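Notes follow once the structure below has been shown.
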Amino acid sequence: MDLRDRILDILEASRGRHCSGEKLCKTLNLSRAAVWKHIEGLRDEGYAIEAAPSKGYWLAEGSDVLSSRAISRRLNTCLLGKEVRFFRETTSTNAVATALAAEGVPEGTLVVTEAQTSGKGRLGRQWLSPAGCNLYFSLILRPPVSPRRAHLVTIMASVALAAVLRREYGIPVGIKWPNDILMKDRKLAGLLTELKAETDRVEYVVLGVGINVNWAAGDMPKEISSIATSVSEAAMHAVSRLDLLAWFLEEFENLYLGHGLESPGIVDDWRSLSCMLGRTVRIRAFGRVVEGVAENVDDEGRLLVNTGKGIELISAGDVEIL
Ligand code: BTN
């Protein structure tokens with residue numbers, strides 16, 4: 001364990017109290033100047049460490065650091081996030097993860113950033129990604145399935161995220177096909193899966209997740225403030241991004257490693273969390289507009305819409321709930 005992790009262990013063990021500089025020096029066998037240098041290094045990584053000459057050092061309450069170190073210290077997984085690439089800012093975590101996947105990084109590698117300059121949404125849209133309040137991350141997966149079943153990664157991840165938001169924050173979210181997480185018809189999170197595959201084999205899947213975490217409605221740009229919300233708005237309290245990220249990765253890993261992508265139950269779980277089955281919808285896809293009742297989702301993740309004249313099978317598109 002490196003010295004900065006040991007300093008954090010000591011400060012975390014004395015949360016709510018101060019830890020004297022002398023105690024840190026003695027325990028770590030370091031000079032005061034060396035302790036100070038490491039504290040400064042941790043502050044540069046984003047840790048809010050307070051100091052007062054007569055008291056020593058302590059961790060500020062409620063600080064929400066995202067960094068490789070903070071994530072690795074918090075995670076309890078055996079595959080997802082074992083390797084973390086953290087950026088203060090990047091173009092798009094999906095773009096970075098795609099490049100890393102092509103270089104052959106291990107399955108489970110997690111790319112996380114504080115802010116994206118070209119965050120990508122579905123259907124070529126932009127994903128607004130301001131710094132300091134939300135989660136933007138991508139996971140590199142190498143599932144041993146045929147390309148036709150790769151979309152099950154997104155289904156499984158949206159089930160895991162909805163389950164965590166319900167269990168940990170009591171937010172009754174629903175999933176809107178294909179993979180928007182909604183609270184009372186306002187979008188709280190979105191998933192974007194990109195893959196490279198041969199005819200019968202997936203080389204890699206990049207699962208990108210964007211979650212509005214502590215984004216106050218008043219800070220959202222006008223174009224989305226009436227259609228988006230955030231976890232903190234829905235839960236009515238500030239939320240630790242680190243906890244949310246860790247809970248999601250643990251939940252998703254349990255499903256991914258536990259049942260595997262071929263588990264038939266996952267589409268049933270998705271159906272039970274859907275907020276649109278049985279509702280009238282309008283779908284725009286490839287220049288076509290289909291209107292009808294969203295009846296079901298098949299085992300390949302396609303939406304079955306009853307138009308009154310028959311059943312349409314929709315595999316991609318933009319859904320409006322009417
Ligand atoms: C959607 O349109 O609902 C999907 C949004 C996905 C956004 C996430 S943020 C992290 C990852 N990197 C990206 O550029 N996009 C995804």
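Chain labels follow the order of the structure tokens: the first chain is A, the next B, and so on; residue numbering restarts at 1 in every chain, and ligands are counted from 1 in their shown order.
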
Exercise. Compile the contact shell of Trp247 in chain A as number ranges by chain: residues with an atom at most 12 Å away, counting only C-alpha atoms, same-chain residues fewer than 3 positions apart removed.
Key: A: 71, 74-77, 80-81, 160-169, 240-244, 250-254

Those residues you just picked out, can you put them in a file as an mmCIF file, in the first residue's frame with N, CA and C atoms?
```cif
data_model
loop_
_atom_site.group_PDB
_atom_site.id
_atom_site.type_symbol
_atom_site.label_atom_id
_atom_site.label_comp_id
_atom_site.auth_asym_id
_atom_site.auth_seq_id
_atom_site.Cartn_x
_atom_site.Cartn_y
_atom_site.Cartn_z
ATOM 1 N N ILE A 71 -11.844 5.548 -6.227
ATOM 2 C CA ILE A 71 -12.696 4.478 -6.770
ATOM 3 C C ILE A 71 -12.128 3.112 -6.372
ATOM 4 N N ARG A 74 -12.795 2.214 -2.838
ATOM 5 C CA ARG A 74 -14.196 2.010 -2.469
ATOM 6 C C ARG A 74 -14.786 0.718 -3.045
ATOM 7 N N LEU A 75 -14.218 0.255 -4.187
ATOM 8 C CA LEU A 75 -14.859 -0.867 -4.901
ATOM 9 C C LEU A 75 -14.642 -2.220 -4.248
ATOM 10 N N ASN A 76 -15.696 -3.025 -4.314
ATOM 11 C CA ASN A 76 -15.666 -4.371 -3.768
ATOM 12 C C ASN A 76 -15.973 -5.390 -4.843
ATOM 13 N N THR A 77 -15.398 -5.217 -6.005
ATOM 14 C CA THR A 77 -15.744 -6.074 -7.139
ATOM 15 C C THR A 77 -14.563 -6.976 -7.469
ATOM 16 N N LEU A 80 -15.148 -5.842 -12.490
ATOM 17 C CA LEU A 80 -15.430 -4.491 -12.984
ATOM 18 C C LEU A 80 -14.681 -3.442 -12.167
ATOM 19 N N GLY A 81 -13.912 -2.605 -12.864
ATOM 20 C CA GLY A 81 -13.191 -1.525 -12.188
ATOM 21 C C GLY A 81 -11.926 -1.978 -11.495
ATOM 22 N N ALA A 160 -29.690 -3.220 -13.509
ATOM 23 C CA ALA A 160 -28.842 -3.028 -12.319
ATOM 24 C C ALA A 160 -28.949 -1.587 -11.808
ATOM 25 N N LEU A 161 -28.921 -0.633 -12.729
ATOM 26 C CA LEU A 161 -28.968 0.769 -12.295
ATOM 27 C C LEU A 161 -30.331 1.102 -11.679
ATOM 28 N N ALA A 162 -31.402 0.628 -12.324
ATOM 29 C CA ALA A 162 -32.739 0.899 -11.773
ATOM 30 C C ALA A 162 -32.867 0.267 -10.385
ATOM 31 N N ALA A 163 -32.328 -0.944 -10.219
ATOM 32 C CA ALA A 163 -32.436 -1.633 -8.919
ATOM 33 C C ALA A 163 -31.698 -0.841 -7.837
ATOM 34 N N VAL A 164 -30.516 -0.322 -8.168
ATOM 35 C CA VAL A 164 -29.736 0.431 -7.171
ATOM 36 C C VAL A 164 -30.453 1.737 -6.810
ATOM 37 N N LEU A 165 -30.992 2.423 -7.804
ATOM 38 C CA LEU A 165 -31.668 3.701 -7.520
ATOM 39 C C LEU A 165 -32.900 3.485 -6.651
ATOM 40 N N ARG A 166 -33.576 2.364 -6.873
ATOM 41 C CA ARG A 166 -34.753 2.055 -6.056
ATOM 42 C C ARG A 166 -34.337 1.666 -4.630
ATOM 43 N N ARG A 167 -33.369 0.764 -4.531
ATOM 44 C CA ARG A 167 -32.988 0.215 -3.218
ATOM 45 C C ARG A 167 -32.265 1.244 -2.343
ATOM 46 N N GLU A 168 -31.295 1.956 -2.924
ATOM 47 C CA GLU A 168 -30.442 2.822 -2.106
ATOM 48 C C GLU A 168 -31.035 4.208 -1.862
ATOM 49 N N TYR A 169 -31.868 4.683 -2.785
ATOM 50 C CA TYR A 169 -32.381 6.054 -2.645
ATOM 51 C C TYR A 169 -33.906 6.106 -2.601
ATOM 52 N N SER A 240 -23.617 10.817 -2.866
ATOM 53 C CA SER A 240 -22.192 10.551 -3.124
ATOM 54 C C SER A 240 -22.052 9.825 -4.463
ATOM 55 N N ARG A 241 -21.318 10.439 -5.385
ATOM 56 C CA ARG A 241 -21.119 9.798 -6.700
ATOM 57 C C ARG A 241 -20.332 8.504 -6.541
ATOM 58 N N LEU A 242 -19.413 8.522 -5.588
ATOM 59 C CA LEU A 242 -18.577 7.342 -5.374
ATOM 60 C C LEU A 242 -19.427 6.152 -4.923
ATOM 61 N N ASP A 243 -20.323 6.390 -3.967
ATOM 62 C CA ASP A 243 -21.210 5.307 -3.495
ATOM 63 C C ASP A 243 -22.065 4.792 -4.648
ATOM 64 N N LEU A 244 -22.653 5.717 -5.393
ATOM 65 C CA LEU A 244 -23.550 5.305 -6.476
ATOM 66 C C LEU A 244 -22.790 4.484 -7.518
ATOM 67 N N GLU A 250 -21.157 -3.058 -8.409
ATOM 68 C CA GLU A 250 -21.333 -4.312 -7.656
ATOM 69 C C GLU A 250 -22.599 -5.044 -8.118
ATOM 70 N N GLU A 251 -23.673 -4.284 -8.291
ATOM 71 C CA GLU A 251 -24.947 -4.887 -8.720
ATOM 72 C C GLU A 251 -24.824 -5.477 -10.132
ATOM 73 N N PHE A 252 -24.211 -4.699 -11.007
ATOM 74 C CA PHE A 252 -24.075 -5.155 -12.394
ATOM 75 C C PHE A 252 -23.155 -6.375 -12.462
ATOM 76 N N GLU A 253 -22.082 -6.342 -11.689
ATOM 77 C CA GLU A 253 -21.159 -7.489 -11.694
ATOM 78 C C GLU A 253 -21.857 -8.764 -11.210
ATOM 79 N N ASN A 254 -22.683 -8.617 -10.169
ATOM 80 C CA ASN A 254 -23.410 -9.801 -9.676
ATOM 81 C C ASN A 254 -24.248 -10.419 -10.779
#
```

Quiz item: Within 10 Å of ligand 1, counting only C-alpha atoms and all ligand atoms: which residues, as a PyMOL selection string?
Solution: chain A and resi 90-97+111-113+115-129+134-139+178-181+187-194+206-212+318

Practice problem: Go through range 58-251 of chain A and collect every residue that DSSP, computed from the backbone, puts in alpha helix (DSSP H); the answer should be as a PyMOL selection string. | Solution: chain A and resi 68-74+93-103+152-169+222-225+231-235+241-251

Self-check item: Residue neighbourhood range 25-27 of chain A, 10 Å, only C-alpha atoms, exclusion window fewer than 4 positions, as a ChimeraX atom specification
Solution: /A:6-7,10,20-21,31-36

File of the preceding selection, N, CA and C atoms, as a compact mmCIF listing (two decimals), in the first residue's frame:
```
# COMPACT_ATOMS: atom_id res chain seq x y z
N ARG A 6 -2.10 5.00 2.98
CA ARG A 6 -1.99 4.83 4.44
C ARG A 6 -2.46 6.10 5.15
N ILE A 7 -2.13 7.27 4.60
CA ILE A 7 -2.61 8.53 5.20
C ILE A 7 -4.15 8.56 5.17
N ILE A 10 -5.68 6.36 7.79
CA ILE A 10 -5.63 6.95 9.14
C ILE A 10 -6.68 8.05 9.27
N SER A 20 -3.43 14.35 14.60
CA SER A 20 -2.30 15.28 14.72
C SER A 20 -1.21 14.94 13.70
N GLY A 21 -0.49 15.99 13.28
CA GLY A 21 0.63 15.80 12.38
C GLY A 21 1.65 14.86 12.99
N SER A 31 8.92 12.65 7.99
CA SER A 31 9.10 13.99 8.55
C SER A 31 7.81 14.79 8.35
N ARG A 32 7.68 15.90 9.09
CA ARG A 32 6.50 16.76 8.92
C ARG A 32 6.41 17.27 7.49
N ALA A 33 7.57 17.61 6.91
CA ALA A 33 7.58 18.13 5.53
C ALA A 33 7.09 17.05 4.55
N ALA A 34 7.49 15.80 4.81
CA ALA A 34 7.07 14.72 3.90
C ALA A 34 5.55 14.48 4.02
N VAL A 35 5.04 14.51 5.27
CA VAL A 35 3.59 14.33 5.45
C VAL A 35 2.86 15.44 4.69
N TRP A 36 3.34 16.67 4.86
CA TRP A 36 2.71 17.82 4.20
C TRP A 36 2.69 17.63 2.69
```

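For Gly278 in chain A, the set of protein, DNA and RNA residues having any atom at most 9 Å away, when counting only C-alpha atoms and skipping those fewer than 3 positions along the same chain, is Cys275, Val293, Ala294, Glu295 and Asn296 of chain A.
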
Quiz item: Near range 47-62 of chain A, within 12 Å and counting only C-alpha atoms, which residues show up once chain neighbours fewer than 4 positions away are dropped, as number ranges by chain?
Solution: A: 4-5, 7-25, 32, 35-36, 38-43, 66-70, 237-243

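Residues with any atom within 12 Å of Arg288 in chain A, counting only C-alpha atoms and excluding same-chain neighbours fewer than 3 positions away, are Arg282, Ile283, Arg284, Ala285, Glu291, Glu312, Ile314, Ala316, Gly317 and Asp318 of chain A.
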